[in-house]
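Here's the structure we're looking at; comments come further down.
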Amino acid sequence: MLKSSLLSRDFPIEAVIVDLDGTMVDTLGDFTVAVNSMLADLDLPAIAASRIESMVGKGSEHLIRSVLRHVRGQEPDGALQSEAWRRYSRHYLEINGQHASVYAGVVDGLHSLREAGLRLACLTNKPGDFARPLLAAKGLARYFDVVFGGDAFERKKPDPLPLRKTCEVLGTQPQRTLMVGDSSNDALAARAAGCPVVLMRYGYNHGEPVEAVDADGLLDSLAELAPMLRAGA
Ligand SMILES: O=C(O)COP(=O)(O)O
Ligand SMILES: [Mg+2]
């Protein structure tokens, strides 16, 4: 269901910025395998996928820090953090996409948005070197004019900077650029940047119900979006 403000004739949507993890691809399996391989290397105990799910969303450095804090019960020092990061990124790149699946409706949804003449950007907090091969492996890269990872700009979502910069590159105003995400990170960044925002109900919202997040609508499938935008144009 979308709020009517999103369908305003004053600001028709010209471009869509799409989040990656939890929005287009269910990557929890990849995160779990890479994190637990890293923990095994460091002789640390494994962590459950359900726990990892609540730690995903603020980029890989944040994930590693949260995992180490959880399994050791204390803040990791810089040396452990960098060794963990080195091992995690090696494992992640080895298995990238093998334990991940594209959510139902994503391919149809992206195809329809392009058919409707909208420009598309992928903006994720995942490092760009992880995101680009994943999009390519899942056949999603072709839909995007640009792809920005969490290391593309000085700050990540929930800071509005990545959305503002992406709008600049797309050549669209924030009010005409819709953010599609799955978490409060995406919604906070969009609100602060002045972009309308819709969230998928099925993603990872730091273990919190997504219904509680301030957004312009919630979707069960990305395939619902283009017909809704067309109806409001
Ligand atoms: O890698 C993460 O932490 C989450 O990435 P996302 O911004 O695509 O949800
Ligand atoms: Mg996400």
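In the structure tokens, chains take letters A, B, ... by order of appearance, with residues numbered from 1 within each chain and ligands from 1 in the order shown.
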**OP:** Return as a list in words the residues of protein, DNA or RNA that approach ligand 2 to within 6 Å, with only C-alpha atoms and all ligand atoms taken into account.
**Re:** Asp19, Leu20, Asp21, Gly22, Thr23, Gly57, Gly181, Asp182 and Ser183 of chain A
Original post:
Where in range 4-151 of chain A does DSSP assign helix (DSSP H, G or I), given as a PyMOL selection string?
Top reply: chain A and resi 4-7+28-41+49-53+60-72+78-95+106-115+128-137+141-143
Could you save the residues just selected, with C-alpha atoms, as a PDB file, in the first residue's frame?
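What landed in out27.pdb:
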ATOM      1  CA  SER A   4      -1.097   9.128  -1.813  1.00  0.00           C
ATOM      2  CA  SER A   5       1.747  11.666  -1.452  1.00  0.00           C
ATOM      3  CA  LEU A   6       3.944   9.310  -3.449  1.00  0.00           C
ATOM      4  CA  LEU A   7       1.488   9.419  -6.313  1.00  0.00           C
ATOM      5  CA  LEU A  28      21.670 -14.063   4.637  1.00  0.00           C
ATOM      6  CA  GLY A  29      23.118 -17.461   3.578  1.00  0.00           C
ATOM      7  CA  ASP A  30      26.243 -15.782   2.137  1.00  0.00           C
ATOM      8  CA  PHE A  31      26.685 -13.606   5.234  1.00  0.00           C
ATOM      9  CA  THR A  32      26.319 -16.655   7.489  1.00  0.00           C
ATOM     10  CA  VAL A  33      28.819 -18.830   5.598  1.00  0.00           C
ATOM     11  CA  ALA A  34      31.426 -16.034   5.311  1.00  0.00           C
ATOM     12  CA  VAL A  35      31.058 -14.919   8.956  1.00  0.00           C
ATOM     13  CA  ASN A  36      31.269 -18.465  10.333  1.00  0.00           C
ATOM     14  CA  SER A  37      34.283 -19.334   8.124  1.00  0.00           C
ATOM     15  CA  MET A  38      35.999 -16.215   9.492  1.00  0.00           C
ATOM     16  CA  LEU A  39      35.129 -17.163  13.095  1.00  0.00           C
ATOM     17  CA  ALA A  40      36.467 -20.709  12.526  1.00  0.00           C
ATOM     18  CA  ASP A  41      39.764 -19.245  11.204  1.00  0.00           C
ATOM     19  CA  ALA A  49      21.959 -16.877  11.043  1.00  0.00           C
ATOM     20  CA  SER A  50      19.058 -15.282  12.966  1.00  0.00           C
ATOM     21  CA  ARG A  51      21.559 -13.275  15.024  1.00  0.00           C
ATOM     22  CA  ILE A  52      23.508 -12.218  11.915  1.00  0.00           C
ATOM     23  CA  GLU A  53      20.251 -11.043  10.298  1.00  0.00           C
ATOM     24  CA  SER A  60      30.478  -5.105   6.384  1.00  0.00           C
ATOM     25  CA  GLU A  61      32.832  -3.384   8.876  1.00  0.00           C
ATOM     26  CA  HIS A  62      29.868  -2.836  11.193  1.00  0.00           C
ATOM     27  CA  LEU A  63      28.799  -6.472  10.745  1.00  0.00           C
ATOM     28  CA  ILE A  64      32.270  -7.804  11.627  1.00  0.00           C
ATOM     29  CA  ARG A  65      32.526  -5.549  14.690  1.00  0.00           C
ATOM     30  CA  SER A  66      29.040  -6.606  15.878  1.00  0.00           C
ATOM     31  CA  VAL A  67      29.820 -10.318  15.358  1.00  0.00           C
ATOM     32  CA  LEU A  68      33.142 -10.105  17.253  1.00  0.00           C
ATOM     33  CA  ARG A  69      31.514  -8.141  20.073  1.00  0.00           C
ATOM     34  CA  HIS A  70      28.769 -10.772  20.305  1.00  0.00           C
ATOM     35  CA  VAL A  71      30.985 -13.884  20.337  1.00  0.00           C
ATOM     36  CA  ARG A  72      33.709 -12.440  22.599  1.00  0.00           C
ATOM     37  CA  GLY A  78      41.998  -2.805  15.945  1.00  0.00           C
ATOM     38  CA  ALA A  79      44.320  -5.754  15.200  1.00  0.00           C
ATOM     39  CA  LEU A  80      41.546  -8.346  15.628  1.00  0.00           C
ATOM     40  CA  GLN A  81      39.091  -6.236  13.643  1.00  0.00           C
ATOM     41  CA  SER A  82      41.482  -5.940  10.690  1.00  0.00           C
ATOM     42  CA  GLU A  83      42.474  -9.630  10.740  1.00  0.00           C
ATOM     43  CA  ALA A  84      38.774 -10.578  10.897  1.00  0.00           C
ATOM     44  CA  TRP A  85      37.984  -8.220   8.012  1.00  0.00           C
ATOM     45  CA  ARG A  86      40.811  -9.675   5.880  1.00  0.00           C
ATOM     46  CA  ARG A  87      39.549 -13.219   6.416  1.00  0.00           C
ATOM     47  CA  TYR A  88      35.873 -12.326   6.079  1.00  0.00           C
ATOM     48  CA  SER A  89      36.338 -10.517   2.757  1.00  0.00           C
ATOM     49  CA  ARG A  90      38.359 -13.423   1.327  1.00  0.00           C
ATOM     50  CA  HIS A  91      35.644 -15.911   2.330  1.00  0.00           C
ATOM     51  CA  TYR A  92      32.837 -13.637   1.135  1.00  0.00           C
ATOM     52  CA  LEU A  93      34.377 -13.159  -2.306  1.00  0.00           C
ATOM     53  CA  GLU A  94      34.903 -16.937  -2.618  1.00  0.00           C
ATOM     54  CA  ILE A  95      31.229 -17.758  -2.037  1.00  0.00           C
ATOM     55  CA  VAL A 106      12.488  -8.551  -8.416  1.00  0.00           C
ATOM     56  CA  VAL A 107      13.339  -9.321 -12.054  1.00  0.00           C
ATOM     57  CA  ASP A 108       9.778  -8.521 -13.220  1.00  0.00           C
ATOM     58  CA  GLY A 109       9.771  -5.396 -11.080  1.00  0.00           C
ATOM     59  CA  LEU A 110      13.075  -4.056 -12.425  1.00  0.00           C
ATOM     60  CA  HIS A 111      12.077  -4.902 -15.990  1.00  0.00           C
ATOM     61  CA  SER A 112       8.767  -3.005 -15.656  1.00  0.00           C
ATOM     62  CA  LEU A 113      10.439   0.020 -14.087  1.00  0.00           C
ATOM     63  CA  ARG A 114      12.855   0.208 -17.020  1.00  0.00           C
ATOM     64  CA  GLU A 115      10.028  -0.288 -19.509  1.00  0.00           C
ATOM     65  CA  GLY A 128      31.165  -2.173  -4.197  1.00  0.00           C
ATOM     66  CA  ASP A 129      33.587  -5.068  -4.866  1.00  0.00           C
ATOM     67  CA  PHE A 130      31.052  -7.460  -3.296  1.00  0.00           C
ATOM     68  CA  ALA A 131      27.960  -5.837  -4.801  1.00  0.00           C
ATOM     69  CA  ARG A 132      28.978  -5.656  -8.480  1.00  0.00           C
ATOM     70  CA  PRO A 133      29.861  -9.371  -8.924  1.00  0.00           C
ATOM     71  CA  LEU A 134      26.720 -10.359  -6.995  1.00  0.00           C
ATOM     72  CA  LEU A 135      24.466  -8.280  -9.268  1.00  0.00           C
ATOM     73  CA  ALA A 136      26.230  -9.713 -12.327  1.00  0.00           C
ATOM     74  CA  ALA A 137      25.980 -13.325 -11.075  1.00  0.00           C
ATOM     75  CA  ALA A 141      23.424  -5.723 -13.293  1.00  0.00           C
ATOM     76  CA  ARG A 142      21.843  -5.008 -16.704  1.00  0.00           C
ATOM     77  CA  TYR A 143      18.948  -3.067 -15.154  1.00  0.00           C
TER      78      TYR A 143
END
Subject >> Residue with smallest distance to ligand 1 - pool A:Gly203, A:Pro12, A:Pro196, A:Gly105, counting only C-alpha atoms and all ligand atoms >> reply: A:Gly203
Subject >> Contacts of Val169 in chain A within 9 Å, only C-alpha atoms, excl. fewer than 4 positions in-chain, as a PyMOL selection string >> reply: chain A and resi 146+164-165
Next, write the just-selected residues to a file, as an mmCIF file, in the first residue's frame, keeping N, CA and C atoms as the atom set.
data_model
loop_
_atom_site.group_PDB
_atom_site.id
_atom_site.type_symbol
_atom_site.label_atom_id
_atom_site.label_comp_id
_atom_site.auth_asym_id
_atom_site.auth_seq_id
_atom_site.Cartn_x
_atom_site.Cartn_y
_atom_site.Cartn_z
ATOM 1 N N VAL A 146 23.658 2.925 -12.747
ATOM 2 C CA VAL A 146 24.833 3.046 -11.870
ATOM 3 C C VAL A 146 24.664 2.131 -10.663
ATOM 4 N N ARG A 164 21.869 11.665 -1.926
ATOM 5 C CA ARG A 164 22.024 12.960 -2.619
ATOM 6 C C ARG A 164 22.979 12.816 -3.797
ATOM 7 N N LYS A 165 24.107 12.142 -3.560
ATOM 8 C CA LYS A 165 25.106 11.962 -4.629
ATOM 9 C C LYS A 165 24.536 11.113 -5.768
#
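When CA of Glu14 in chain A is paired with CA of Leu178 in chain A, their separation reads 8.1 Å.
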